[in-house]
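Just final31.txt here, compact mmCIF, C-alpha atoms and all ligand atoms:
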# COMPACT_ATOMS: atom_id res chain seq x y z
CA MET M 1 0.00 0.00 0.00
CA TRP M 2 2.83 2.40 0.82
CA SER M 3 5.51 3.24 -1.76
CA THR M 4 9.20 3.73 -0.95
CA ILE M 5 8.70 7.48 -1.49
CA ASP M 6 5.80 7.46 1.01
CA ILE M 7 7.94 5.76 3.67
CA THR M 8 10.99 7.97 3.02
CA MET M 9 8.96 11.18 3.18
CA MET M 10 7.05 10.25 6.31
CA SER M 11 10.33 9.24 7.98
CA ARG M 12 11.66 12.69 7.14
CA ALA M 13 8.51 14.34 8.54
CA ILE M 14 8.99 12.37 11.78
CA MET M 15 12.65 13.43 11.96
CA LEU M 16 11.61 17.09 11.48
CA ALA M 17 8.88 16.83 14.13
CA ARG M 18 11.50 15.77 16.70
CA ARG M 19 13.21 19.15 16.34
CA GLY M 20 10.36 20.73 18.27
CA ARG M 21 10.50 18.48 21.29
CA TYR M 22 11.92 21.06 23.68
CA THR M 23 9.76 23.96 22.53
CA THR M 24 6.18 23.07 21.40
CA ARG M 25 4.55 22.13 24.68
CA PRO M 26 1.75 21.81 25.53
CA ASN M 27 1.23 21.31 21.80
CA PRO M 28 2.36 18.07 20.11
CA ASN M 29 5.47 17.67 17.97
CA VAL M 30 4.45 17.58 14.31
CA GLY M 31 6.43 17.49 11.06
CA CYS M 32 5.30 17.97 7.44
CA VAL M 33 6.92 17.38 4.04
CA ILE M 34 5.35 18.42 0.71
CA VAL M 35 6.45 16.45 -2.35
CA ASP M 36 5.67 17.20 -6.02
CA ALA M 37 4.59 14.70 -8.68
CA ASN M 38 8.26 13.94 -9.48
CA GLY M 39 9.00 12.94 -5.89
CA VAL M 40 10.92 16.16 -5.19
CA ILE M 41 10.55 17.86 -1.78
CA VAL M 42 9.17 21.36 -2.41
CA GLY M 43 8.35 22.34 1.17
CA GLU M 44 8.85 21.12 4.70
CA GLY M 45 8.61 22.26 8.27
CA TRP M 46 7.82 21.41 11.85
CA HIS M 47 5.81 22.92 14.64
CA GLN M 48 8.31 25.02 16.57
CA ARG M 49 6.39 26.57 19.45
CA ALA M 50 2.87 26.81 20.86
CA GLY M 51 1.07 29.77 19.31
CA GLY M 52 3.38 29.73 16.27
CA PRO M 53 2.56 28.30 12.83
CA HIS M 54 1.84 24.58 12.59
CA ALA M 55 4.13 22.26 10.62
CA GLU M 56 1.86 22.31 7.55
CA VAL M 57 1.96 26.13 7.38
CA HIS M 58 5.77 26.21 7.34
CA ALA M 59 5.74 23.55 4.61
CA TRP M 60 3.20 25.19 2.30
CA ARG M 61 4.79 28.62 2.75
CA MET M 62 8.07 27.11 1.54
CA ALA M 63 6.35 25.28 -1.33
CA GLY M 64 4.41 28.32 -2.61
CA ASP M 65 2.70 27.51 -5.95
CA LYS M 66 4.42 24.11 -6.03
CA ALA M 67 1.99 22.85 -3.37
CA ARG M 68 -0.75 22.68 -6.02
CA GLY M 69 -1.27 19.05 -7.05
CA ALA M 70 1.41 17.85 -4.60
CA THR M 71 1.33 15.31 -1.74
CA ALA M 72 1.68 16.40 1.91
CA TYR M 73 3.09 13.97 4.51
CA VAL M 74 2.02 14.95 8.02
CA THR M 75 2.88 13.09 11.23
CA LEU M 76 -0.44 14.02 12.91
CA GLU M 77 -3.89 14.64 11.43
CA PRO M 78 -4.17 18.31 10.35
CA CYS M 79 -6.24 20.35 12.79
CA SER M 80 -9.84 21.26 12.01
CA HIS M 81 -10.47 23.92 14.65
CA TYR M 82 -9.59 27.53 15.32
CA GLY M 83 -7.06 27.65 18.14
CA ARG M 84 -4.34 30.26 18.23
CA THR M 85 -4.00 29.60 14.47
CA PRO M 86 -6.67 28.79 11.81
CA PRO M 87 -7.40 25.15 10.83
CA CYS M 88 -4.62 23.52 8.81
CA ALA M 89 -7.14 21.31 6.97
CA ASN M 90 -8.63 24.48 5.38
CA GLY M 91 -5.15 25.67 4.47
CA LEU M 92 -4.21 22.40 2.77
CA ILE M 93 -7.45 22.58 0.76
CA ALA M 94 -6.79 26.20 -0.23
CA GLN M 95 -3.21 25.39 -1.27
CA GLY M 96 -4.55 22.79 -3.74
CA LEU M 97 -2.89 19.65 -2.31
CA LYS M 98 -3.95 16.55 -4.23
CA ARG M 99 -3.07 13.90 -1.65
CA VAL M 100 -2.45 14.01 2.10
CA VAL M 101 -0.71 11.13 3.90
CA ILE M 102 -1.15 11.12 7.67
CA ALA M 103 0.75 9.00 10.21
CA MET M 104 -1.94 9.05 12.89
CA THR M 105 -5.27 10.66 13.71
CA ASP M 106 -5.28 13.37 16.37
CA PRO M 107 -6.89 12.14 19.63
CA ASN M 108 -7.57 15.76 20.63
CA PRO M 109 -11.40 15.76 20.92
CA GLN M 110 -11.42 19.06 19.00
CA VAL M 111 -9.98 17.23 15.97
CA ALA M 112 -10.43 13.39 16.23
CA GLY M 113 -11.10 12.65 12.57
CA ARG M 114 -12.65 16.00 11.64
CA GLY M 115 -9.47 17.14 9.89
CA ILE M 116 -9.50 14.02 7.71
CA ALA M 117 -13.24 14.43 6.98
CA MET M 118 -12.72 18.05 5.88
CA LEU M 119 -9.92 17.08 3.49
CA GLN M 120 -11.94 14.20 2.04
CA ALA M 121 -15.03 16.40 1.63
CA ALA M 122 -12.88 18.73 -0.49
CA GLY M 123 -11.93 15.81 -2.79
CA ILE M 124 -8.40 15.30 -1.44
CA ASP M 125 -7.10 11.72 -1.44
CA VAL M 126 -6.35 11.03 2.26
CA CYS M 127 -4.38 7.99 3.49
CA SER M 128 -3.75 7.41 7.18
CA GLY M 129 -1.66 5.05 9.32
CA LEU M 130 1.80 5.28 7.70
CA LEU M 131 4.51 4.76 10.39
CA ALA M 132 1.84 5.30 13.05
CA ASP M 133 3.85 3.58 15.80
CA GLU M 134 6.86 5.82 15.13
CA ALA M 135 4.64 8.89 15.07
CA ARG M 136 3.09 7.94 18.44
CA LYS M 137 6.58 7.87 19.97
CA LEU M 138 6.94 11.58 19.13
CA ASN M 139 4.25 12.56 21.61
CA PRO M 140 3.88 10.23 24.60
CA GLY M 141 2.90 13.16 26.84
CA PHE M 142 0.39 14.82 24.52
CA LEU M 143 -1.23 11.45 23.71
CA SER M 144 -1.42 10.51 27.40
CA ARG M 145 -3.09 13.84 28.21
CA MET M 146 -5.62 13.46 25.39
CA GLU M 147 -6.31 9.73 25.73
CA ARG M 148 -6.03 9.18 29.51
CA GLY M 149 -6.60 12.66 30.94
CA ARG M 150 -3.26 12.62 32.73
CA PRO M 151 0.33 13.48 31.81
CA TYR M 152 3.01 10.91 30.95
CA VAL M 153 4.93 10.36 34.19
CA THR M 154 8.64 9.57 34.34
CA VAL M 155 10.23 8.76 37.68
CA LYS M 156 13.96 9.52 37.80
CA LEU M 157 16.28 8.06 40.43
CA ALA M 158 20.02 7.89 40.92
CA ALA M 159 21.43 4.97 42.86
CA SER M 160 24.53 2.95 43.58
CA LEU M 161 25.12 -0.54 42.18
CA ASP M 162 23.48 -1.97 45.29
CA GLY M 163 20.42 0.21 44.76
CA LYS M 164 21.09 2.77 47.48
CA THR M 165 20.28 6.46 47.03
CA ALA M 166 22.19 7.98 49.97
CA LEU M 167 24.34 7.12 52.94
CA ALA M 168 22.51 6.40 56.19
CA ASN M 169 23.17 10.04 57.25
CA GLY M 170 21.43 11.30 54.08
CA GLU M 171 24.56 12.35 52.14
CA SER M 172 23.86 11.77 48.46
CA LYS M 173 25.72 14.53 46.59
CA TRP M 174 26.88 13.21 44.27
CA ILE M 175 26.35 9.52 43.70
CA THR M 176 26.40 9.92 39.93
CA GLY M 177 28.97 11.72 37.77
CA PRO M 178 28.70 15.04 35.89
CA ALA M 179 27.52 13.45 32.60
CA ALA M 180 24.52 11.82 34.30
CA ARG M 181 23.64 15.08 36.01
CA GLU M 182 23.83 16.85 32.64
CA ASP M 183 21.51 14.16 31.25
CA VAL M 184 19.03 14.95 34.03
CA GLN M 185 19.10 18.59 32.96
CA ARG M 186 18.00 17.49 29.47
CA LEU M 187 15.25 15.31 30.97
CA ARG M 188 14.00 18.36 32.88
CA ALA M 189 14.14 20.48 29.70
CA LEU M 190 11.84 17.91 28.02
CA SER M 191 9.34 17.98 30.89
CA CYS M 192 6.41 20.32 31.46
CA ALA M 193 6.64 19.88 35.23
CA VAL M 194 9.15 18.54 37.76
CA VAL M 195 7.49 17.10 40.85
CA THR M 196 9.28 16.62 44.16
CA GLY M 197 8.42 15.72 47.75
CA ILE M 198 8.70 18.11 50.68
CA ASP M 199 11.29 15.89 52.37
CA THR M 200 13.68 16.31 49.43
CA VAL M 201 13.19 20.08 49.70
CA LEU M 202 13.89 19.98 53.44
CA ALA M 203 16.96 17.74 53.00
CA ASP M 204 18.59 19.24 49.89
CA ASP M 205 16.99 22.65 49.20
CA PRO M 206 17.09 21.84 45.45
CA SER M 207 16.59 24.32 42.59
CA MET M 208 14.68 21.89 40.32
CA ASN M 209 15.28 24.19 37.33
CA VAL M 210 17.02 23.81 33.98
CA ARG M 211 20.42 25.45 33.81
CA TYR M 212 21.28 26.26 30.21
CA GLN M 213 25.04 26.03 30.79
CA GLN M 214 24.59 22.43 31.98
CA LEU M 215 22.65 21.16 28.95
CA GLY M 216 25.82 19.94 27.21
CA TYR M 217 25.36 19.15 23.50
CA LEU M 218 21.79 20.46 23.62
CA GLN M 219 23.19 24.01 23.69
CA GLN M 220 24.05 23.52 20.01
CA GLN M 221 20.39 22.79 19.15
CA LEU M 222 18.60 25.17 21.46
CA ASP M 223 19.12 28.90 22.09
CA GLU M 224 18.96 30.02 25.70
CA ASP M 225 15.85 32.15 25.05
CA GLU M 226 14.02 29.10 23.61
CA LEU M 227 14.39 27.19 26.86
CA ILE M 228 11.10 26.71 28.75
CA GLN M 229 11.50 26.22 32.50
CA PRO M 230 9.34 23.33 33.72
CA LEU M 231 6.77 24.07 36.40
CA ARG M 232 8.28 23.10 39.78
CA VAL M 233 5.76 21.24 41.91
CA VAL M 234 6.32 20.49 45.62
CA LEU M 235 4.02 17.96 47.33
CA ASP M 236 3.64 19.24 50.85
CA SER M 237 0.45 17.86 52.44
CA ARG M 238 1.03 19.47 55.84
CA CYS M 239 2.43 22.87 54.74
CA ARG M 240 6.03 22.37 55.84
CA MET M 241 7.56 24.36 52.97
CA PRO M 242 10.10 26.88 54.32
CA ALA M 243 9.67 30.44 53.05
CA THR M 244 13.44 30.47 52.55
CA ALA M 245 13.53 27.51 50.09
CA ARG M 246 15.86 28.29 47.21
CA MET M 247 13.40 27.40 44.43
CA LEU M 248 10.93 30.06 45.61
CA SER M 249 13.23 32.85 44.47
CA LEU M 250 14.10 31.38 41.06
CA PRO M 251 12.62 32.47 37.72
CA GLY M 252 9.87 30.20 36.36
CA GLN M 253 6.68 29.01 38.03
CA THR M 254 6.46 27.04 41.28
CA LEU M 255 3.33 25.28 42.55
CA LEU M 256 3.03 24.31 46.22
CA VAL M 257 0.45 21.55 46.67
CA SER M 258 -0.99 20.80 50.09
CA CYS M 259 -4.05 19.26 51.73
CA GLN M 260 -4.66 22.25 53.96
CA ALA M 261 -4.37 26.03 53.57
CA TYR M 262 -0.94 27.63 54.07
CA PRO M 263 -0.88 30.21 56.86
CA ALA M 264 -1.63 33.75 55.63
CA GLU M 265 1.73 34.89 57.00
CA PHE M 266 3.56 32.38 54.78
CA MET M 267 1.43 33.31 51.77
CA ARG M 268 2.44 36.96 52.14
CA THR M 269 6.09 36.03 51.70
CA LEU M 270 5.52 34.30 48.34
CA PRO M 271 6.55 36.02 45.11
CA ALA M 272 4.02 36.31 42.25
CA ASN M 273 5.44 33.30 40.38
CA VAL M 274 4.61 30.90 43.24
CA GLN M 275 1.06 29.51 43.39
CA CYS M 276 -0.59 27.31 46.02
CA LEU M 277 -3.10 24.55 45.38
CA GLN M 278 -5.15 22.53 47.85
CA LEU M 279 -6.06 18.98 46.85
CA PRO M 280 -7.89 16.16 48.65
CA ASP M 281 -5.84 13.66 50.60
CA VAL M 282 -5.63 9.87 50.63
CA ALA M 283 -4.59 8.66 54.08
CA GLY M 284 -3.32 12.14 54.98
CA ARG M 285 -1.21 12.67 51.85
CA ILE M 286 -1.94 14.39 48.57
CA ASP M 287 -4.14 12.37 46.23
CA LEU M 288 -1.72 11.74 43.35
CA SER M 289 -4.51 10.95 40.84
CA ALA M 290 -6.11 14.31 41.61
CA LEU M 291 -2.71 15.96 41.19
CA LEU M 292 -2.18 14.40 37.76
CA GLN M 293 -5.70 15.31 36.69
CA TYR M 294 -4.98 18.90 37.67
CA LEU M 295 -1.61 18.94 35.87
CA ALA M 296 -3.22 17.50 32.71
CA THR M 297 -4.81 20.88 32.01
CA SER M 298 -1.42 22.18 30.88
CA CYS M 299 1.25 19.48 31.22
CA ASN M 300 2.04 16.72 28.74
CA SER M 301 4.91 15.20 30.66
CA VAL M 302 5.86 15.14 34.32
CA LEU M 303 9.25 14.22 35.76
CA VAL M 304 9.21 12.99 39.37
CA GLU M 305 12.50 13.76 41.11
CA ALA M 306 12.02 12.83 44.72
CA GLY M 307 13.12 10.38 47.37
CA ALA M 308 12.08 6.79 48.02
CA THR M 309 8.75 7.82 49.59
CA LEU M 310 7.18 9.84 46.78
CA CYS M 311 8.77 7.88 43.92
CA GLY M 312 7.53 4.69 45.59
CA ALA M 313 4.02 6.17 45.93
CA PHE M 314 3.83 6.99 42.19
CA ILE M 315 5.01 3.49 41.27
CA SER M 316 2.92 1.50 43.76
CA ASN M 317 -0.21 3.44 42.74
CA ALA M 318 0.47 2.57 39.07
CA LEU M 319 0.73 6.27 38.21
CA ALA M 320 4.22 6.15 36.66
CA ASP M 321 4.81 5.22 33.02
CA GLU M 322 8.60 5.13 32.93
CA LEU M 323 11.53 4.82 35.30
CA VAL M 324 14.88 6.35 34.40
CA LEU M 325 17.52 4.92 36.71
CA TYR M 326 21.12 6.16 36.77
CA GLN M 327 23.34 3.48 38.28
CA ALA M 328 26.67 4.67 39.61
CA PRO M 329 29.67 2.34 39.95
CA LYS M 330 29.61 2.70 43.73
CA ILE M 331 28.54 0.40 46.54
CA LEU M 332 27.05 2.13 49.57
CA GLY M 333 26.39 -0.98 51.64
CA ALA M 334 23.41 -2.27 53.56
CA SER M 335 23.13 0.81 55.80
CA GLY M 336 22.50 3.08 52.79
CA ARG M 337 19.02 4.43 52.02
CA ASN M 338 16.80 2.33 49.83
CA LEU M 339 15.67 3.13 46.29
CA LEU M 340 11.91 2.92 46.67
CA GLN M 341 9.46 2.63 49.51
CA LEU M 342 6.89 0.08 48.36
CA PRO M 343 4.18 -1.92 50.11
CA GLN M 344 5.26 -5.22 51.65
CA TYR M 345 4.33 -7.49 48.74
CA GLN M 346 3.50 -11.12 49.57
CA GLN M 347 4.03 -12.57 46.10
CA LEU M 348 6.41 -11.81 43.26
CA SER M 349 3.41 -11.63 40.94
CA ASP M 350 2.23 -8.54 42.88
CA LEU M 351 5.39 -6.54 42.07
CA PRO M 352 5.13 -3.56 39.71
CA SER M 353 5.76 -4.76 36.16
CA LEU M 354 8.98 -3.37 34.65
CA GLN M 355 10.34 -3.80 31.16
CA LEU M 356 13.85 -2.69 30.23
CA ILE M 357 13.61 -0.65 27.03
CA GLU M 358 17.01 1.04 26.85
CA GLN M 359 20.39 0.80 28.50
CA ARG M 360 23.40 3.01 27.81
CA LYS M 361 26.48 4.41 29.44
CA VAL M 362 26.35 8.10 30.40
CA GLY M 363 29.85 9.15 31.41
CA VAL M 364 30.92 6.77 34.18
CA ASP M 365 27.34 5.74 34.99
CA ASN M 366 24.79 3.40 33.49
CA ARG M 367 21.37 4.74 32.44
CA LEU M 368 18.46 2.32 32.38
CA THR M 369 15.07 3.25 30.95
CA LEU M 370 12.26 0.96 32.06
CA LYS M 371 8.61 0.94 31.05
CA LEU M 372 6.21 0.49 33.94
CA GLY M 373 2.87 -1.28 33.74
CA ASP M 374 1.55 -3.73 31.17
N1 LIG M 401 18.89 9.50 44.57
C1 LIG M 401 17.97 10.24 44.05
O1 LIG M 401 17.68 10.15 42.84
C2 LIG M 401 17.25 11.23 44.91
C3 LIG M 401 16.41 12.18 44.32
C4 LIG M 401 15.72 13.06 45.16
C5 LIG M 401 15.91 12.99 46.54
N2 LIG M 401 16.76 12.09 47.05
C6 LIG M 401 16.99 12.00 48.52
O2 LIG M 401 15.80 11.49 49.08
C7 LIG M 401 15.70 11.95 50.43
C8 LIG M 401 14.28 12.36 50.69
O3 LIG M 401 13.45 11.27 50.38
P1 LIG M 401 12.15 10.97 51.18
O4 LIG M 401 11.68 9.65 50.71
O5 LIG M 401 12.40 11.18 52.62
O6 LIG M 401 11.19 12.13 50.74
P2 LIG M 401 10.45 12.52 49.37
O7 LIG M 401 10.03 11.31 48.64
O8 LIG M 401 11.25 13.53 48.63
O9 LIG M 401 9.18 13.29 49.96
C9 LIG M 401 8.25 12.54 50.68
C10 LIG M 401 7.20 13.44 51.23
O10 LIG M 401 6.34 13.89 50.19
C11 LIG M 401 5.09 14.21 50.79
N3 LIG M 401 3.96 13.66 50.03
C12 LIG M 401 2.87 14.35 49.68
N4 LIG M 401 2.00 13.57 49.08
C13 LIG M 401 2.53 12.34 49.03
C14 LIG M 401 2.05 11.11 48.54
N5 LIG M 401 0.86 10.98 47.95
N6 LIG M 401 2.83 10.02 48.69
C15 LIG M 401 4.04 10.12 49.25
N7 LIG M 401 4.56 11.27 49.74
C16 LIG M 401 3.79 12.39 49.64
C17 LIG M 401 5.08 13.56 52.18
O11 LIG M 401 5.21 14.58 53.16
P3 LIG M 401 3.86 15.24 53.72
O12 LIG M 401 3.04 14.09 54.26
O13 LIG M 401 4.29 16.21 54.75
O14 LIG M 401 3.24 15.85 52.53
C18 LIG M 401 6.31 12.69 52.19
O15 LIG M 401 6.88 12.57 53.47
C19 LIG M 401 16.69 13.08 50.56
O16 LIG M 401 17.76 12.64 51.38
C20 LIG M 401 17.18 13.32 49.16
O17 LIG M 401 18.56 13.67 49.15
C21 LIG M 401 17.44 11.20 46.29
How would this structure read if it were set down as structure tokens?
Amino acid sequence: MWSTIDITMMSRAIMLARRGRYTTRPNPNVGCVIVDANGVIVGEGWHQRAGGPHAEVHAWRMAGDKARGATAYVTLEPCSHYGRTPPCANGLIAQGLKRVVIAMTDPNPQVAGRGIAMLQAAGIDVCSGLLADEARKLNPGFLSRMERGRPYVTVKLAASLDGKTALANGESKWITGPAAREDVQRLRALSCAVVTGIDTVLADDPSMNVRYQQLGYLQQQLDEDELIQPLRVVLDSRCRMPATARMLSLPGQTLLVSCQAYPAEFMRTLPANVQCLQLPDVAGRIDLSALLQYLATSCNSVLVEAGATLCGAFISNALADELVLYQAPKILGASGRNLLQLPQYQQLSDLPSLQLIEQRKVGVDNRLTLKLGD
């Protein structure tokens, strides 16, 4: 059904879409290639940032008159609604495209097949499903938000070879080497929000921000002014956040989540970029499902960077999709602090299901990426 040209062009559109992965959120990453009847690329582009032109617009602007009678390859169904930009389906019709090949339909309820229907109603030959699995991998967060009503959740942990995260006295800086810490900066830059637990704040007073100078090779692909700081989220059921915490004075947004109201005196000390949110509790601690539902209004992807307690809670409640584990070539011994606090399981079949999907060396450390759940 698909020709070699179809596969080559959609692969290129997918490659282009990836270029937007640090800058389009909360929009999806989308790429588009326009090819004339001789198989020559006459236009191409990718969605670069929310509010800016969609991939198709960049491509047809480049193609100009050559778009007439041509084929467009798009990694996601063209939109059919007026958002911050007009519908791309209308634009493709107006530009006179003859055929549109789509990798996957858009699960956004505002689109969900309407873009395809508009193109077909205008007499355009529409084919869908080419390299759909590859196209899905472009947008795990956006798809999770649209299909499940919650962001894609990655839990990140750094541990020794024997699975310890700190010495018994809490010293943990630094178990991993500089390359792994740089890698974490890139993970943060990919995330819409970084979630931590109040006990990590009290122990380490972390910044939880992205530091451009520590992005390593990414500095060649991304200008400093393109960098979007993730929302910093602190889970603090009982309002223990100190007014002096470092992250409260940093640029970017911070959200303090609790199960009770912060004292008015504390609230008065907060700068304008710090918001507070009260959520229901489960057994005295923040209801993590309610948190994710709240974050889904604006966040595709969430990175959990916390200690054994909160990371364990996300995993044991089946609310984490991926675990990124940096393993340092160190052995801390039996007195070291454990990786995850989990319920006391009675059978191996009750354990959270983990599937190793990638393993690579990052500097002196090992990075494992594991998929959680079935
Ligand atoms: N190796 C690593 O990758 C890594 C990364 C980060 C931190 N750490 C280390 O981890 C240590 C802190 O870990 P920790 O386990 O004590 O604390 P944590 O996981 O950072 O925070 C746990 C706290 O989060 C709050 N929380 C709110 N809602 C929760 C929920 N639904 N489930 C669970 N917790 C919830 C609870 O306090 P309230 O009940 O008061 O809300 C809980 O005590 C520090 O020493 C830090 O250096 C290591």
Collect all residues with atoms no farther than 7 Å from ligand LIG 401 (chain M), counting all atoms listed in the file, and output them as number ranges by chain. M: 156-159, 165-166, 170-172, 196-201, 203-204, 235-240, 258, 284-288, 305-311, 313
All residues 12 Å or closer to segment 3-19 of chain M, all atoms listed in the file, same chain fewer than 4 positions away omitted, as a ChimeraX atom specification: /M:23-24,27-49,54-56,58-59,71-76,99-104,127-139,190,218,221-222
Counting all atoms listed in the file, the residue of M:Val126, M:Ile315, M:Leu368, M:Ala283 that sits nearest Pro78 of chain M: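 Using all atoms listed in the file, the shortest distance to Pro78 of chain M belongs to M:Val126.
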From the set M:Met241, M:Val155, M:Ala318, M:Met62, which residue has the shortest atom-to-atom contact distance to Thr269 of chain M, counting all atoms listed in the file?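 Of the candidates, the smallest distance to Thr269 of chain M is held by M:Met241.
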Within 12 Å of Leu277 of chain M, counting all atoms listed in the file, which residues qualify if same-chain residues fewer than 2 places away don't, as an NGL selection string? :M and (233-237 or 239 or 254-262 or 267 or 274-275 or 279-280 or 286 or 290-291 or 294-295)
What is the atom CA of Arg68 of chain M to atom CA of Ser80 of chain M distance in Å?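 One can read the atom CA of Arg68 of chain M to atom CA of Ser80 of chain M distance as 20.2 Å.
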Surrounding residues of Pro271 of chain M excluding itself and chain neighbours under 3 positions, 12 Å, only C-alpha atoms, as a VMD selection string: chain M and resid 243 to 244 247 to 255 266 to 268 274 to 276
What is the distance, in Å and to one decimal place, between atom CA of Gln185 of chain M and atom CA of Val210 of chain M?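 It comes out at 5.7 Å.
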Taking (-7.2, 23.8, 8.6) in the file's coordinates as the center, which residues reach within 12 Å of it, counting only C-alpha atoms, put as a VMD selection string? chain M and resid 53 to 57 77 to 95 111 114 to 119 122
Skipping near chain neighbours, those fewer than 4 positions away, what residues fall within 10 Å of Arg360 of chain M using all atoms listed in the file, listed as a VMD selection string? chain M and resid 326 365 to 369
Keeping only C-alpha atoms, write those residues as a short mmCIF file (atom, residue, chain, number, x, y, z; two decimals), keeping the file's coordinate frame.
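As a result, out.cif now contains:
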data_model
loop_
_atom_site.label_atom_id
_atom_site.label_comp_id
_atom_site.auth_asym_id
_atom_site.auth_seq_id
_atom_site.Cartn_x
_atom_site.Cartn_y
_atom_site.Cartn_z
CA TYR M 326 21.12 6.16 36.77
CA ASP M 365 27.34 5.74 34.99
CA ASN M 366 24.79 3.40 33.49
CA ARG M 367 21.37 4.74 32.44
CA LEU M 368 18.46 2.32 32.38
CA THR M 369 15.07 3.25 30.95
#
